[in-house]
file my_file_19.pdb (PDB, C-alpha atoms)
ATOM      1  CA  MET A   1     109.612  70.430  78.264
ATOM      2  CA  THR A   2     112.182  71.003  81.033
ATOM      3  CA  GLY A   3     110.385  74.237  81.838
ATOM      4  CA  LEU A   4     107.128  72.353  82.229
ATOM      5  CA  MET A   5     108.708  69.758  84.557
ATOM      6  CA  VAL A   6     110.315  72.504  86.690
ATOM      7  CA  ASN A   7     106.950  74.236  86.815
ATOM      8  CA  ILE A   8     105.136  71.092  87.982
ATOM      9  CA  CYS A   9     107.728  70.371  90.705
ATOM     10  CA  LEU A  10     107.830  73.948  92.033
ATOM     11  CA  LEU A  11     104.045  74.197  92.207
ATOM     12  CA  ALA A  12     103.911  70.860  94.067
ATOM     13  CA  LEU A  13     106.469  72.305  96.510
ATOM     14  CA  LEU A  14     104.155  75.274  97.129
ATOM     15  CA  VAL A  15     101.325  72.907  98.086
ATOM     16  CA  ILE A  16     103.646  71.069 100.519
ATOM     17  CA  ILE A  17     104.649  74.373 102.153
ATOM     18  CA  VAL A  18     101.008  75.394 102.589
ATOM     19  CA  VAL A  19     100.207  72.047 104.251
ATOM     20  CA  MET A  20     103.128  72.638 106.637
ATOM     21  CA  VAL A  21     101.811  76.146 107.404
ATOM     22  CA  MET A  22      98.457  74.601 108.345
ATOM     23  CA  ARG A  23     100.005  72.007 110.634
ATOM     24  CA  THR A  24     102.544  74.202 112.459
ATOM     25  CA  HIS A  25     101.528  75.963 115.662
ATOM     26  CA  ARG A  26     104.726  77.985 116.179
ATOM     27  CA  LEU A  27     104.115  81.352 114.551
ATOM     28  CA  PHE A  28     107.825  81.973 113.908
ATOM     29  CA  ALA A  29     107.942  78.835 111.748
ATOM     30  CA  VAL A  30     104.703  79.868 110.009
ATOM     31  CA  VAL A  31     106.174  83.259 109.079
ATOM     32  CA  VAL A  32     109.455  81.790 107.805
ATOM     33  CA  LEU A  33     107.508  79.207 105.766
ATOM     34  CA  SER A  34     105.439  81.971 104.196
ATOM     35  CA  GLY A  35     108.709  83.721 103.264
ATOM     36  CA  ALA A  36     109.910  80.528 101.589
ATOM     37  CA  TYR A  37     106.538  80.257  99.851
ATOM     38  CA  SER A  38     106.944  83.758  98.380
ATOM     39  CA  LEU A  39     110.477  82.994  97.236
ATOM     40  CA  ILE A  40     109.389  79.813  95.421
ATOM     41  CA  CYS A  41     106.546  81.813  93.883
ATOM     42  CA  ALA A  42     109.175  84.221  92.555
ATOM     43  CA  VAL A  43     111.024  81.300  90.891
ATOM     44  CA  VAL A  44     107.739  80.121  89.336
ATOM     45  CA  PHE A  45     107.210  83.650  87.984
ATOM     46  CA  VAL A  46     110.664  83.591  86.323
ATOM     47  CA  ASN A  47     109.745  80.264  84.772
ATOM     48  CA  LEU A  48     106.520  81.804  83.419
ATOM     49  CA  ASP A  49     108.445  84.756  81.839
ATOM     50  CA  ALA A  50     107.330  87.325  84.407
ATOM     51  CA  VAL A  51     110.764  88.580  85.484
ATOM     52  CA  ASP A  52     109.571  91.967  86.772
ATOM     53  CA  VAL A  53     106.895  90.323  88.896
ATOM     54  CA  ALA A  54     109.478  87.820  90.152
ATOM     55  CA  PHE A  55     111.846  90.388  91.561
ATOM     56  CA  THR A  56     109.025  92.415  93.063
ATOM     57  CA  GLU A  57     107.686  89.256  94.730
ATOM     58  CA  ALA A  58     111.175  88.341  95.997
ATOM     59  CA  ALA A  59     111.819  91.834  97.376
ATOM     60  CA  VAL A  60     108.365  92.774  98.625
ATOM     61  CA  GLY A  61     106.601  89.441  99.229
ATOM     62  CA  ALA A  62     109.519  87.443 100.609
ATOM     63  CA  GLY A  63     111.461  90.421 102.000
ATOM     64  CA  ILE A  64     109.355  93.247 103.363
ATOM     65  CA  SER A  65     106.280  91.283 104.405
ATOM     66  CA  THR A  66     108.404  88.664 106.230
ATOM     67  CA  VAL A  67     110.201  91.496 108.049
ATOM     68  CA  LEU A  68     106.843  93.069 108.976
ATOM     69  CA  PHE A  69     105.564  89.742 110.360
ATOM     70  CA  LEU A  70     108.784  89.189 112.332
ATOM     71  CA  ALA A  71     108.608  92.735 113.741
ATOM     72  CA  ALA A  72     105.026  92.096 114.861
ATOM     73  CA  LEU A  73     106.038  88.734 116.400
ATOM     74  CA  ALA A  74     108.536  90.586 118.611
ATOM     75  CA  VAL A  75     105.485  91.874 120.524
ATOM     76  CA  LEU A  76     102.904  89.115 119.938
ATOM     77  CA  PRO A  77     102.807  85.684 121.602
ATOM     78  CA  ALA A  78     105.017  83.155 119.763
ATOM     79  CA  ASN A  79     102.632  80.186 119.715
ATOM     80  CA  GLU A  80      99.181  79.570 118.398
ATOM     81  CA  LYS A  81      96.879  78.286 121.141
ATOM     82  CA  GLN A  82      95.469  74.859 120.350
ATOM     83  CA  PRO A  83      91.823  74.773 121.377
ATOM     84  CA  PRO A  84      90.413  71.558 122.919
ATOM     85  CA  GLY A  85      89.569  68.748 120.475
ATOM     86  CA  ALA A  86      85.779  68.724 120.108
ATOM     87  CA  HIS A  87      85.559  72.413 119.265
ATOM     88  CA  THR A  88      88.206  72.267 116.512
ATOM     89  CA  LEU A  89      86.497  69.315 114.831
ATOM     90  CA  THR A  90      83.132  71.054 114.370
ATOM     91  CA  SER A  91      84.605  74.413 113.285
ATOM     92  CA  ASN A  92      87.048  72.687 110.928
ATOM     93  CA  LEU A  93      84.273  70.556 109.457
ATOM     94  CA  ALA A  94      82.208  73.620 108.521
ATOM     95  CA  ALA A  95      85.272  75.270 106.954
ATOM     96  CA  LEU A  96      86.180  72.055 105.141
ATOM     97  CA  VAL A  97      82.692  71.703 103.627
ATOM     98  CA  ILE A  98      82.730  75.294 102.345
ATOM     99  CA  VAL A  99      86.263  74.943 100.958
ATOM    100  CA  VAL A 100      85.576  71.618  99.213
ATOM    101  CA  ILE A 101      82.372  72.899  97.575
ATOM    102  CA  VAL A 102      83.968  76.144  96.346
ATOM    103  CA  GLY A 103      87.132  74.326  95.237
ATOM    104  CA  GLY A 104      85.118  71.683  93.362
ATOM    105  CA  LEU A 105      83.161  74.336  91.480
ATOM    106  CA  LEU A 106      86.364  76.229  90.609
ATOM    107  CA  ILE A 107      88.078  73.049  89.350
ATOM    108  CA  HIS A 108      85.004  72.263  87.262
ATOM    109  CA  ALA A 109      85.260  75.752  85.738
ATOM    110  CA  ALA A 110      89.052  75.506  85.290
ATOM    111  CA  PHE A 111      88.729  72.720  82.704
ATOM    112  CA  ASP A 112      86.983  75.217  80.413
ATOM    113  CA  LEU A 113      89.972  77.589  80.497
ATOM    114  CA  PRO A 114      92.298  77.657  77.460
ATOM    115  CA  ALA A 115      95.355  75.404  77.879
ATOM    116  CA  LEU A 116      98.436  76.934  79.509
ATOM    117  CA  GLY A 117     100.513  78.836  76.924
ATOM    118  CA  ASP A 118      97.886  78.847  74.164
ATOM    119  CA  PRO A 119      98.893  81.830  71.937
ATOM    120  CA  ASN A 120      95.303  82.247  70.645
ATOM    121  CA  ALA A 121      93.673  82.461  74.080
ATOM    122  CA  PRO A 122      91.359  85.511  74.460
ATOM    123  CA  ALA A 123      93.718  87.034  77.039
ATOM    124  CA  GLN A 124      96.553  87.071  74.485
ATOM    125  CA  VAL A 125      94.823  88.686  71.497
ATOM    126  CA  HIS A 126      93.242  91.870  72.852
ATOM    127  CA  VAL A 127      95.524  94.813  73.831
ATOM    128  CA  ALA A 128      98.819  93.034  74.497
ATOM    129  CA  PRO A 129      99.944  92.873  70.812
ATOM    130  CA  ARG A 130      99.530  96.641  70.533
ATOM    131  CA  TYR A 131     101.687  97.222  73.610
ATOM    132  CA  LEU A 132     104.354  94.861  72.269
ATOM    133  CA  VAL A 133     104.481  96.541  68.835
ATOM    134  CA  GLU A 134     104.190 100.169  69.936
ATOM    135  CA  SER A 135     106.311 100.153  73.089
ATOM    136  CA  ASP A 136     109.718 100.256  71.428
ATOM    137  CA  GLU A 137     108.724 102.451  68.465
ATOM    138  CA  VAL A 138     106.692 105.146  70.253
ATOM    139  CA  LEU A 139     108.327 105.338  73.653
ATOM    140  CA  ASN A 140     111.817 103.901  73.035
ATOM    141  CA  ILE A 141     111.732 101.746  76.151
ATOM    142  CA  PRO A 142     112.491  98.073  75.465
ATOM    143  CA  ASN A 143     110.885  96.745  78.662
ATOM    144  CA  VAL A 144     107.179  96.538  77.842
ATOM    145  CA  VAL A 145     106.123  96.005  81.465
ATOM    146  CA  THR A 146     107.720  99.342  82.398
ATOM    147  CA  THR A 147     105.993 101.127  79.507
ATOM    148  CA  VAL A 148     102.558  99.777  80.385
ATOM    149  CA  LEU A 149     103.035 100.420  84.105
ATOM    150  CA  ALA A 150     104.271 103.989  83.851
ATOM    151  CA  SER A 151     102.734 105.240  80.619
ATOM    152  CA  TYR A 152      99.702 103.343  79.275
ATOM    153  CA  ARG A 153      98.390 102.595  82.739
ATOM    154  CA  GLY A 154      99.996 105.457  84.642
ATOM    155  CA  PHE A 155      96.764 106.288  86.460
ATOM    156  CA  ASP A 156      96.635 102.727  87.832
ATOM    157  CA  THR A 157     100.033 103.304  89.338
ATOM    158  CA  LEU A 158      98.914 106.670  90.752
ATOM    159  CA  GLY A 159      95.954 104.883  92.344
ATOM    160  CA  GLU A 160      98.314 102.251  93.759
ATOM    161  CA  THR A 161     100.453 104.982  95.313
ATOM    162  CA  ILE A 162      97.356 106.506  96.929
ATOM    163  CA  VAL A 163      96.362 103.090  98.344
ATOM    164  CA  VAL A 164      99.842 102.523  99.772
ATOM    165  CA  PHE A 165      99.873 106.033 101.258
ATOM    166  CA  THR A 166      96.468 105.485 102.870
ATOM    167  CA  ALA A 167      97.585 102.135 104.285
ATOM    168  CA  GLY A 168     100.742 103.766 105.695
ATOM    169  CA  LEU A 169      98.632 106.486 107.280
ATOM    170  CA  GLY A 170      96.312 103.828 108.732
ATOM    171  CA  VAL A 171      99.229 101.905 110.270
ATOM    172  CA  PHE A 172     100.607 105.140 111.723
ATOM    173  CA  VAL A 173      97.274 106.144 113.272
ATOM    174  CA  LEU A 174      96.607 102.645 114.655
ATOM    175  CA  LEU A 175     100.022 102.264 116.287
ATOM    176  CA  CYS A 176     100.203 105.833 117.637
ATOM    177  CA  GLY A 177      96.599 105.564 118.798
ATOM    178  CA  ALA A 178      97.489 102.451 120.799
ATOM    179  CA  THR A 179     100.213 104.137 122.830
ATOM    180  CA  ARG A 180      98.189 107.337 123.238
ATOM    181  CA  THR A 181      95.085 105.538 124.519
ATOM    182  CA  ALA A 182      97.232 103.567 126.948
ATOM    183  CA  ARG A 183      98.814 106.746 128.278
ATOM    184  CA  HIS A 184      95.472 108.589 128.348
ATOM    185  CA  THR A 185      93.764 105.803 130.294
ATOM    186  CA  ALA A 186      96.716 105.553 132.661
ATOM    187  CA  THR A 187      96.590 109.274 133.535
ATOM    188  CA  LYS A 188      92.824 109.185 133.861
ATOM    189  CA  ASP A 189      93.087 106.262 136.263
ATOM    190  CA  GLU A 190      95.619 108.194 138.313
ATOM    191  CA  ARG A 191      93.393 111.245 138.475
ATOM    192  CA  GLN A 192      90.220 109.410 139.387
ATOM    193  CA  GLY A 193      91.927 107.004 141.739
ATOM    194  CA  SER A 194      89.672 104.119 142.696
ATOM    195  CA  GLY A 195      86.466 106.087 142.015
ATOM    196  CA  ARG A 196      86.158 104.695 138.513
ATOM    197  CA  ASP A 197      82.943 102.838 137.743
ATOM    198  CA  GLU A 198      83.036  99.206 136.822
ATOM    199  CA  GLY A 199      82.025  98.429 133.216
TER     200      GLY A 199
ATOM    201  CA  MET B   1      85.741  67.857  77.677
ATOM    202  CA  ASN B   2      87.889  66.262  74.974
ATOM    203  CA  ASP B   3      89.114  62.661  74.766
ATOM    204  CA  ALA B   4      92.776  63.357  75.617
ATOM    205  CA  PRO B   5      94.348  60.993  78.208
ATOM    206  CA  LEU B   6      94.116  62.051  81.840
ATOM    207  CA  ALA B   7      97.862  62.776  82.148
ATOM    208  CA  VAL B   8      97.721  65.293  79.294
ATOM    209  CA  VAL B   9      94.610  66.976  80.693
ATOM    210  CA  LEU B  10      96.310  67.185  84.107
ATOM    211  CA  ALA B  11      99.550  68.605  82.659
ATOM    212  CA  GLU B  12      97.664  71.207  80.621
ATOM    213  CA  ASN B  13      95.645  72.346  83.607
ATOM    214  CA  TRP B  14      98.269  71.708  86.318
ATOM    215  CA  ASN B  15      98.810  75.426  87.026
ATOM    216  CA  TYR B  16      95.092  76.052  87.430
ATOM    217  CA  LEU B  17      94.629  73.002  89.668
ATOM    218  CA  VAL B  18      97.502  74.042  91.945
ATOM    219  CA  VAL B  19      96.257  77.645  92.035
ATOM    220  CA  ILE B  20      92.803  76.442  93.140
ATOM    221  CA  THR B  21      94.336  74.110  95.765
ATOM    222  CA  LEU B  22      96.466  76.933  97.186
ATOM    223  CA  MET B  23      93.544  79.359  97.131
ATOM    224  CA  MET B  24      91.258  76.956  98.971
ATOM    225  CA  SER B  25      94.003  76.145 101.513
ATOM    226  CA  GLY B  26      94.402  79.869 102.182
ATOM    227  CA  LEU B  27      90.641  80.230 102.588
ATOM    228  CA  PHE B  28      90.583  77.206 104.915
ATOM    229  CA  ILE B  29      93.292  78.758 107.123
ATOM    230  CA  VAL B  30      91.409  82.066 107.248
ATOM    231  CA  ILE B  31      88.123  80.378 108.244
ATOM    232  CA  SER B  32      89.260  77.608 110.581
ATOM    233  CA  ARG B  33      92.234  79.028 112.511
ATOM    234  CA  SER B  34      91.479  81.443 115.316
ATOM    235  CA  ASN B  35      94.999  82.927 115.611
ATOM    236  CA  LEU B  36      95.001  86.324 113.916
ATOM    237  CA  VAL B  37      98.616  86.154 112.640
ATOM    238  CA  LYS B  38      97.905  82.789 111.047
ATOM    239  CA  LYS B  39      94.770  84.224 109.455
ATOM    240  CA  LEU B  40      96.925  86.949 107.871
ATOM    241  CA  VAL B  41      99.395  84.355 106.540
ATOM    242  CA  GLY B  42      96.408  82.452 105.086
ATOM    243  CA  LEU B  43      95.169  85.635 103.472
ATOM    244  CA  SER B  44      98.549  86.264 101.843
ATOM    245  CA  ILE B  45      98.639  82.653 100.563
ATOM    246  CA  PHE B  46      95.198  83.245  99.010
ATOM    247  CA  GLN B  47      96.494  86.463  97.475
ATOM    248  CA  THR B  48      99.621  84.878  96.014
ATOM    249  CA  SER B  49      97.543  82.119  94.426
ATOM    250  CA  VAL B  50      95.637  84.811  92.509
ATOM    251  CA  PHE B  51      98.990  86.242  91.336
ATOM    252  CA  LEU B  52     100.012  82.782  90.120
ATOM    253  CA  PHE B  53      96.733  82.482  88.222
ATOM    254  CA  TYR B  54      97.203  85.786  86.383
ATOM    255  CA  ILE B  55     100.810  85.059  85.480
ATOM    256  CA  SER B  56      99.821  81.572  84.225
ATOM    257  CA  VAL B  57      97.145  83.130  82.001
ATOM    258  CA  GLY B  58      99.739  85.537  80.551
ATOM    259  CA  LYS B  59     102.205  82.775  79.577
ATOM    260  CA  VAL B  60     102.617  82.096  75.855
ATOM    261  CA  ALA B  61     104.173  78.733  74.913
ATOM    262  CA  GLY B  62     107.677  79.238  73.518
ATOM    263  CA  GLY B  63     107.583  82.894  74.517
ATOM    264  CA  THR B  64     110.129  84.894  76.467
ATOM    265  CA  ALA B  65     110.035  87.784  78.936
ATOM    266  CA  PRO B  66     108.392  90.874  77.364
ATOM    267  CA  ILE B  67     111.596  92.878  76.865
ATOM    268  CA  ILE B  68     111.970  93.864  73.191
ATOM    269  CA  THR B  69     115.034  92.226  71.662
ATOM    270  CA  GLY B  70     114.802  93.777  68.186
ATOM    271  CA  ASP B  71     114.489  90.371  66.531
ATOM    272  CA  PRO B  72     111.056  90.376  64.776
ATOM    273  CA  ASP B  73     110.627  86.592  65.183
ATOM    274  CA  THR B  74     110.748  86.615  68.970
ATOM    275  CA  LEU B  75     107.543  85.528  70.718
ATOM    276  CA  TYR B  76     106.755  87.405  73.944
ATOM    277  CA  SER B  77     104.530  86.527  76.878
ATOM    278  CA  ASN B  78     101.644  88.869  77.646
ATOM    279  CA  PRO B  79     102.927  91.930  79.587
ATOM    280  CA  LEU B  80      99.507  93.117  80.770
ATOM    281  CA  PRO B  81      98.949  90.548  83.587
ATOM    282  CA  HIS B  82     102.514  91.228  84.761
ATOM    283  CA  VAL B  83     101.707  94.921  85.198
ATOM    284  CA  LEU B  84      98.444  94.215  87.026
ATOM    285  CA  ILE B  85     100.184  91.802  89.392
ATOM    286  CA  LEU B  86     103.080  94.198  90.076
ATOM    287  CA  THR B  87     100.480  96.646  91.364
ATOM    288  CA  ALA B  88      98.680  93.911  93.298
ATOM    289  CA  ILE B  89     101.862  92.732  95.077
ATOM    290  CA  VAL B  90     102.589  96.216  96.417
ATOM    291  CA  VAL B  91      98.976  96.771  97.463
ATOM    292  CA  GLY B  92      99.049  93.303  99.070
ATOM    293  CA  VAL B  93     101.970  94.215 101.294
ATOM    294  CA  ALA B  94     100.186  97.445 102.274
ATOM    295  CA  THR B  95      97.113  95.460 103.368
ATOM    296  CA  THR B  96      99.321  93.005 105.286
ATOM    297  CA  ALA B  97     100.954  95.906 107.125
ATOM    298  CA  LEU B  98      97.561  97.395 108.003
ATOM    299  CA  GLY B  99      96.316  93.978 109.160
ATOM    300  CA  LEU B 100      99.373  93.497 111.382
ATOM    301  CA  ALA B 101      98.867  96.961 112.894
ATOM    302  CA  LEU B 102      95.266  95.970 113.704
ATOM    303  CA  VAL B 103      96.487  92.717 115.284
ATOM    304  CA  LEU B 104      98.982  94.662 117.413
ATOM    305  CA  ARG B 105      96.143  96.977 118.469
ATOM    306  CA  VAL B 106      93.916  94.017 119.364
ATOM    307  CA  HIS B 107      96.794  92.528 121.361
ATOM    308  CA  ALA B 108      97.318  95.833 123.197
ATOM    309  CA  ALA B 109      93.620  96.028 124.044
ATOM    310  CA  PHE B 110      92.813  92.393 124.899
ATOM    311  CA  GLY B 111      96.175  90.783 125.675
ATOM    312  CA  SER B 112      95.364  87.967 123.232
ATOM    313  CA  ILE B 113      95.395  87.384 119.476
ATOM    314  CA  GLU B 114      93.090  84.363 119.507
ATOM    315  CA  GLU B 115      89.798  85.305 117.877
ATOM    316  CA  ASP B 116      87.569  83.166 120.140
ATOM    317  CA  GLU B 117      89.179  84.520 123.335
ATOM    318  CA  VAL B 118      88.830  88.108 122.114
ATOM    319  CA  LEU B 119      85.164  87.568 121.205
ATOM    320  CA  ALA B 120      84.488  85.928 124.572
ATOM    321  CA  MET B 121      86.074  88.882 126.385
ATOM    322  CA  LYS B 122      84.034  91.354 124.354
ATOM    323  CA  ALA B 123      80.797  89.472 124.983
ATOM    324  CA  GLU B 124      81.555  89.425 128.712
ATOM    325  CA  ASP B 125      81.845  93.152 129.418
ATOM    326  CA  GLY B 126      80.941  94.932 126.144
ATOM    327  CA  LEU B 127      83.626  97.615 126.557
ATOM    328  CA  PRO B 128      84.478  99.484 123.329
ATOM    329  CA  LEU B 129      87.950  98.822 121.913
ATOM    330  CA  LEU B 130      89.300 102.299 122.626
ATOM    331  CA  ARG B 131      88.592 102.068 126.374
ATOM    332  CA  ARG B 132      90.577  98.881 126.793
ATOM    333  CA  VAL B 133      94.118  98.420 128.035
ATOM    334  CA  ALA B 134      95.486  94.891 128.289
ATOM    335  CA  GLY B 135      95.841  93.633 131.836
ATOM    336  CA  GLY B 136      94.011  96.629 133.301
ATOM    337  CA  GLU B 137      90.537  95.269 132.719
ATOM    338  CA  ASP B 138      91.414  91.632 133.396
ATOM    339  CA  GLY B 139      92.720  92.291 136.873
ATOM    340  CA  GLU B 140      89.469  93.726 138.188
TER     341      GLU B 140
END

call {"tool": "encode", "arguments": {"input": "my_file_19.pdb", "output": "structure tokens"}}
result
Amino acid sequence: MTGLMVNICLLALLVIIVVMVMRTHRLFAVVVLSGAYSLICAVVFVNLDAVDVAFTEAAVGAGISTVLFLAALAVLPANEKQPPGAHTLTSNLAALVIVVIVGGLLIHAAFDLPALGDPNAPAQVHVAPRYLVESDEVLNIPNVVTTVLASYRGFDTLGETIVVFTAGLGVFVLLCGATRTARHTATKDERQGSGRDEG
Amino acid sequence: MNDAPLAVVLAENWNYLVVITLMMSGLFIVISRSNLVKKLVGLSIFQTSVFLFYISVGKVAGGTAPIITGDPDTLYSNPLPHVLILTAIVVGVATTALGLALVLRVHAAFGSIEEDEVLAMKAEDGLPLLRRVAGGEDGE
């Protein structure tokens, strides 16, 4: 019962943080709020028995991604520009209509989901019992999440590593490309002097 | 739907309701805000709401973390969603990093990270991204 109350309060806190993110125009505050959001998510994960996910979220979601955002903000402008009133109203209205329709449909569908914590829900009865029974006997590793991640679903993890590698390569190419193009254009300008065509 | 009182229905579905609220708020930020950094924050809020949904589905009432204790009576939560979400968190940070690199590149090329300003500049002179250097084109 206490767990349920804690759960309800923490999730309400998440909604409050998201509303603050929407209303703030200083990007530094937005980034720090999203760090706090990740950290509270991690606490919710502990409460829902997902300890491995919780410490990954705390380290990667609240740690690394906040650091990445802050590093980017060192170069980018610190404030969001507020466009003039009339324009925001129409663009927000369109977004609001889409969001309310999609959200309404999802909430309608959510009432058909099995209740939270139902041990006979379809998600609980398929492969998970096998993992829980076999993990300790066959592989001698007590942490089932580790067994599934590295053994039963090892190829998933290989795929994840490939995705992360590709993303790292992409970041490298994008950032190096930026400085190289700048330098290239600068030298070309020097060479051609003022003879460069417009457009 | 059953005849249970509203409070019980709400408490049973509270996680799902909050997940949908957070997801739609993230979507709203992505659609309505023109600042690219804020769009990325909205995207990560959307992403985290999906994580919350999976972990909520994996919860078993009265269960504990899926680490085998040796006691045969212990009830464990479902480890499979935990594994899927572990992978998703790491992939999520990789996409965020790539998105931020793109934003930095847009800033280097246009000198702005507001979507409408960038689009207006592109419509004006139609230069491809790679030929642009911030400040250089504006001054002419």

call {"tool": "resolve_selection", "arguments": {"input": "my_file_19.pdb", "expression": "the PyMOL selection byres ((chain A and resi 48) around 12)", "output": "PyMOL selection string"}}
result
(chain A and resi 3-4+6-8+10-11+41-47+49-54+116-117) or (chain B and resi 15+51-66+76-79+81-82)

call {"tool": "write_last_selection", "arguments": {"input": "my_file_19.pdb", "atoms": "C-alpha atoms", "output": "JSON list (two decimals), in the frame of the given file"}}
result
[["chain", "number", "residue", "atom", "x", "y", "z"],
["A", 3, "GLY", "CA", 110.38, 74.24, 81.84],
["A", 4, "LEU", "CA", 107.13, 72.35, 82.23],
["A", 6, "VAL", "CA", 110.32, 72.50, 86.69],
["A", 7, "ASN", "CA", 106.95, 74.24, 86.82],
["A", 8, "ILE", "CA", 105.14, 71.09, 87.98],
["A", 10, "LEU", "CA", 107.83, 73.95, 92.03],
["A", 11, "LEU", "CA", 104.04, 74.20, 92.21],
["A", 41, "CYS", "CA", 106.55, 81.81, 93.88],
["A", 42, "ALA", "CA", 109.18, 84.22, 92.56],
["A", 43, "VAL", "CA", 111.02, 81.30, 90.89],
["A", 44, "VAL", "CA", 107.74, 80.12, 89.34],
["A", 45, "PHE", "CA", 107.21, 83.65, 87.98],
["A", 46, "VAL", "CA", 110.66, 83.59, 86.32],
["A", 47, "ASN", "CA", 109.74, 80.26, 84.77],
["A", 49, "ASP", "CA", 108.44, 84.76, 81.84],
["A", 50, "ALA", "CA", 107.33, 87.32, 84.41],
["A", 51, "VAL", "CA", 110.76, 88.58, 85.48],
["A", 52, "ASP", "CA", 109.57, 91.97, 86.77],
["A", 53, "VAL", "CA", 106.90, 90.32, 88.90],
["A", 54, "ALA", "CA", 109.48, 87.82, 90.15],
["A", 116, "LEU", "CA", 98.44, 76.93, 79.51],
["A", 117, "GLY", "CA", 100.51, 78.84, 76.92],
["B", 15, "ASN", "CA", 98.81, 75.43, 87.03],
["B", 51, "PHE", "CA", 98.99, 86.24, 91.34],
["B", 52, "LEU", "CA", 100.01, 82.78, 90.12],
["B", 53, "PHE", "CA", 96.73, 82.48, 88.22],
["B", 54, "TYR", "CA", 97.20, 85.79, 86.38],
["B", 55, "ILE", "CA", 100.81, 85.06, 85.48],
["B", 56, "SER", "CA", 99.82, 81.57, 84.22],
["B", 57, "VAL", "CA", 97.14, 83.13, 82.00],
["B", 58, "GLY", "CA", 99.74, 85.54, 80.55],
["B", 59, "LYS", "CA", 102.20, 82.78, 79.58],
["B", 60, "VAL", "CA", 102.62, 82.10, 75.86],
["B", 61, "ALA", "CA", 104.17, 78.73, 74.91],
["B", 62, "GLY", "CA", 107.68, 79.24, 73.52],
["B", 63, "GLY", "CA", 107.58, 82.89, 74.52],
["B", 64, "THR", "CA", 110.13, 84.89, 76.47],
["B", 65, "ALA", "CA", 110.04, 87.78, 78.94],
["B", 66, "PRO", "CA", 108.39, 90.87, 77.36],
["B", 76, "TYR", "CA", 106.76, 87.40, 73.94],
["B", 77, "SER", "CA", 104.53, 86.53, 76.88],
["B", 78, "ASN", "CA", 101.64, 88.87, 77.65],
["B", 79, "PRO", "CA", 102.93, 91.93, 79.59],
["B", 81, "PRO", "CA", 98.95, 90.55, 83.59],
["B", 82, "HIS", "CA", 102.51, 91.23, 84.76]]

call {"tool": "resolve_selection", "arguments": {"input": "my_file_19.pdb", "expression": "the PyMOL selection byres ((chain B) within 7 of (chain A))", "output": "MDAnalysis selection string"}}
result
chainID B and resid 12:13 16:18 20 22 24 28:29 31:32 35 41 55:57 59:61 64:68 77:80 82:83 85:87 89 91 93:95 97:98 100:102 105 125 127 130 133

call {"tool": "write_last_selection", "arguments": {"input": "my_file_19.pdb", "atoms": "C-alpha atoms", "output": "short mmCIF file (atom, residue, chain, number, x, y, z; two decimals), in the frame of the given file"}}
result
data_model
loop_
_atom_site.label_atom_id
_atom_site.label_comp_id
_atom_site.auth_asym_id
_atom_site.auth_seq_id
_atom_site.Cartn_x
_atom_site.Cartn_y
_atom_site.Cartn_z
CA GLU B 12 97.66 71.21 80.62
CA ASN B 13 95.64 72.35 83.61
CA TYR B 16 95.09 76.05 87.43
CA LEU B 17 94.63 73.00 89.67
CA VAL B 18 97.50 74.04 91.94
CA ILE B 20 92.80 76.44 93.14
CA LEU B 22 96.47 76.93 97.19
CA MET B 24 91.26 76.96 98.97
CA PHE B 28 90.58 77.21 104.92
CA ILE B 29 93.29 78.76 107.12
CA ILE B 31 88.12 80.38 108.24
CA SER B 32 89.26 77.61 110.58
CA ASN B 35 95.00 82.93 115.61
CA VAL B 41 99.40 84.36 106.54
CA ILE B 55 100.81 85.06 85.48
CA SER B 56 99.82 81.57 84.22
CA VAL B 57 97.14 83.13 82.00
CA LYS B 59 102.20 82.78 79.58
CA VAL B 60 102.62 82.10 75.86
CA ALA B 61 104.17 78.73 74.91
CA THR B 64 110.13 84.89 76.47
CA ALA B 65 110.04 87.78 78.94
CA PRO B 66 108.39 90.87 77.36
CA ILE B 67 111.60 92.88 76.86
CA ILE B 68 111.97 93.86 73.19
CA SER B 77 104.53 86.53 76.88
CA ASN B 78 101.64 88.87 77.65
CA PRO B 79 102.93 91.93 79.59
CA LEU B 80 99.51 93.12 80.77
CA HIS B 82 102.51 91.23 84.76
CA VAL B 83 101.71 94.92 85.20
CA ILE B 85 100.18 91.80 89.39
CA LEU B 86 103.08 94.20 90.08
CA THR B 87 100.48 96.65 91.36
CA ILE B 89 101.86 92.73 95.08
CA VAL B 91 98.98 96.77 97.46
CA VAL B 93 101.97 94.22 101.29
CA ALA B 94 100.19 97.44 102.27
CA THR B 95 97.11 95.46 103.37
CA ALA B 97 100.95 95.91 107.12
CA LEU B 98 97.56 97.40 108.00
CA LEU B 100 99.37 93.50 111.38
CA ALA B 101 98.87 96.96 112.89
CA LEU B 102 95.27 95.97 113.70
CA ARG B 105 96.14 96.98 118.47
CA ASP B 125 81.84 93.15 129.42
CA LEU B 127 83.63 97.62 126.56
CA LEU B 130 89.30 102.30 122.63
CA VAL B 133 94.12 98.42 128.04
#

call {"tool": "atom_distance", "arguments": {"input": "my_file_19.pdb", "atom1": "atom CA of Val8 of chain B", "atom2": "atom CA of Phe46 of chain B"}}
result
26.8 Å

call {"tool": "atom_distance", "arguments": {"input": "my_file_19.pdb", "atom1": "atom CA of Leu39 of chain A", "atom2": "atom CA of Lys38 of chain B"}}
result
18.7 Å

call {"tool": "atom_distance", "arguments": {"input": "my_file_19.pdb", "atom1": "atom CA of Ser49 of chain B", "atom2": "atom CA of Phe28 of chain A"}}
result
22.0 Å
